[in-house]
Each structure stands twice: as structure tokens, then as C-alpha cells.
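The structure appears right after this line, and notes come after that.
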Amino acid sequence: MKQPLNYAILLYFTNHEEGDADTVVEELSPDYGRYRAFSRKGAVEALMTSKENGILEEVRTELHGEDSLRVWYRLTGYGKELIDRFL
């Protein structure tokens with residue numbers, strides 16, 4: 001049984017120093033690509049929510065094209081502790 005999508009997104013950061021919505025979607029596509037909730041928009045929302053909850057922090061941003069902003073995140077100390085304890 002697969003882990004819930006939001007857990008999988010957080011677990012991505014235990015194996016990667018940093019990531020953005022595009023890299024998360026690319027990495028998780030083989031396992032979650034058929035999920036209706038799995039999209040770039042959903043990944044952005046999950047990442048932003050994790051940031052607001054102190055699990056992730058912004059590392060850098062980059063303007064991608066004329067109207068798209070890519071934001072890279074990494075785990076905080078609190079986020080790593082939380083994942084180690086509960087996931």
C-alpha cells in the first residue's frame with residue numbers, strides 16, 4: 001500500500017537536499033501519476049503548507065518563463081525530527 005501523497009512529498013525531502021514542485025512531481029510521477037490530486041498545483045500547495053507549518057523552508061526562487069515562479073525548499077530541523085518520529 002502506498003503512503004498518502006502528502007507523506008510521499010515530505011519523504012522526498014529525506015532523500016534530497018532540496019526540491020521544488022516540478023522536481024517533486026517528476027520524481028513521484030511513476031507511483032502517483034494516476035492520482036487525481038497529483039498535479040503541479042497540488043504539489044505547490046503541499047509544499048507551501050509544509051512551509052507554513054515549519055516543516056520546510058524556502059531555499060531559493062527563480063523566475064521560470066514570464067509568469068511562473070519556481071521555489072525550492074528543504075527540510076528544517078523541526079521537519080526532519082517530525083518525519084523521523086512519525087513517518
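Chains: A, B, ... in order of the C-alpha cells. Residues: from 1 per chain. Ligands: from 1, in order shown.
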Quick one: residues within 12 Å of range 18-34 of chain A, only C-alpha atoms counted, chain neighbours fewer than 6 positions away excluded, as number ranges by chain? A: 1-12, 40-48, 56-62, 64, 68-76
Hey, what does DSSP flag as alpha helix (DSSP H) within chain A? Can you give it to me as a VMD selection string? chain A and resid 5 to 15 21 to 32 40 to 52 77 to 86
As a compact mmCIF listing (two decimals) with all heavy atoms, in the first residue's frame, please: every residue in range 26-68 of chain A that a backbone DSSP assignment puts in strand (DSSP E or B).
```txt
# COMPACT_ATOMS: atom_id res chain seq x y z
N LEU A 56 9.19 22.70 6.15
CA LEU A 56 10.10 23.06 5.06
C LEU A 56 10.43 24.53 5.16
O LEU A 56 9.68 25.31 5.76
CB LEU A 56 9.46 22.78 3.69
CG LEU A 56 9.10 21.35 3.36
CD1 LEU A 56 8.37 21.29 2.02
CD2 LEU A 56 10.33 20.45 3.34
N GLU A 57 11.54 24.91 4.53
CA GLU A 57 11.88 26.32 4.42
C GLU A 57 12.30 26.60 2.98
O GLU A 57 12.79 25.71 2.29
CB GLU A 57 13.00 26.70 5.38
CG GLU A 57 14.32 25.99 5.14
CD GLU A 57 15.35 26.29 6.20
OE1 GLU A 57 15.11 27.12 7.08
OE2 GLU A 57 16.43 25.66 6.14
N GLU A 58 12.06 27.83 2.55
CA GLU A 58 12.47 28.22 1.20
C GLU A 58 13.98 28.35 1.13
O GLU A 58 14.60 28.89 2.04
CB GLU A 58 11.83 29.56 0.81
CG GLU A 58 10.36 29.47 0.53
CD GLU A 58 9.78 30.79 0.06
OE1 GLU A 58 10.54 31.70 -0.36
OE2 GLU A 58 8.55 30.92 0.11
N VAL A 59 14.55 27.84 0.04
CA VAL A 59 15.99 27.92 -0.17
C VAL A 59 16.31 29.00 -1.19
O VAL A 59 17.19 29.82 -1.00
CB VAL A 59 16.55 26.56 -0.66
CG1 VAL A 59 18.02 26.64 -0.94
CG2 VAL A 59 16.24 25.47 0.34
N ARG A 60 15.57 28.98 -2.31
CA ARG A 60 15.80 29.95 -3.38
C ARG A 60 14.59 30.00 -4.28
O ARG A 60 13.73 29.13 -4.22
CB ARG A 60 17.05 29.60 -4.18
CG ARG A 60 17.01 28.25 -4.84
CD ARG A 60 18.41 27.86 -5.37
NE ARG A 60 18.47 26.46 -5.64
CZ ARG A 60 18.31 25.89 -6.82
NH1 ARG A 60 18.04 26.64 -7.87
NH2 ARG A 60 18.41 24.59 -6.97
N THR A 61 14.53 31.02 -5.10
CA THR A 61 13.45 31.16 -6.08
C THR A 61 14.06 31.52 -7.42
O THR A 61 15.16 32.06 -7.50
CB THR A 61 12.45 32.25 -5.66
OG1 THR A 61 13.14 33.49 -5.54
CG2 THR A 61 11.76 31.92 -4.36
N GLU A 62 13.31 31.22 -8.46
CA GLU A 62 13.77 31.52 -9.82
C GLU A 62 12.55 31.79 -10.68
O GLU A 62 11.57 31.05 -10.64
CB GLU A 62 14.53 30.31 -10.35
CG GLU A 62 15.03 30.45 -11.76
CD GLU A 62 15.73 29.17 -12.21
OE1 GLU A 62 16.78 28.84 -11.65
OE2 GLU A 62 15.20 28.50 -13.11
N LEU A 63 12.62 32.87 -11.45
CA LEU A 63 11.56 33.16 -12.40
C LEU A 63 11.73 32.22 -13.58
O LEU A 63 12.79 32.14 -14.19
CB LEU A 63 11.63 34.62 -12.86
CG LEU A 63 10.47 35.12 -13.70
CD1 LEU A 63 9.15 34.96 -12.94
CD2 LEU A 63 10.68 36.57 -14.07
N HIS A 64 10.69 31.46 -13.86
CA HIS A 64 10.73 30.45 -14.92
C HIS A 64 9.73 30.85 -15.98
O HIS A 64 8.52 30.74 -15.79
CB HIS A 64 10.39 29.09 -14.31
CG HIS A 64 10.60 27.95 -15.23
ND1 HIS A 64 11.84 27.52 -15.62
CD2 HIS A 64 9.71 27.14 -15.86
CE1 HIS A 64 11.72 26.49 -16.42
NE2 HIS A 64 10.43 26.25 -16.60
N SER A 68 5.87 32.26 -14.29
CA SER A 68 5.96 31.12 -13.40
C SER A 68 7.17 31.26 -12.48
O SER A 68 8.29 31.51 -12.94
CB SER A 68 6.07 29.82 -14.21
OG SER A 68 6.17 28.72 -13.35
```
Skip Gly79 in chain A itself and residues of its chain fewer than 5 positions away, then list as an MDAnalysis selection string all residues within 9 Å of it, counting only C-alpha atoms. chainID A and resid 10 50 53:56 84
Which residue, A:His16, A:Glu66, A:Leu87, A:Tyr78, has the smallest gap to Lys51 in chain A when you use only C-alpha atoms? A:Tyr78
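In this structure, CA of Ser39 in chain A sits 24.4 Å away from CA of Lys80 in chain A.
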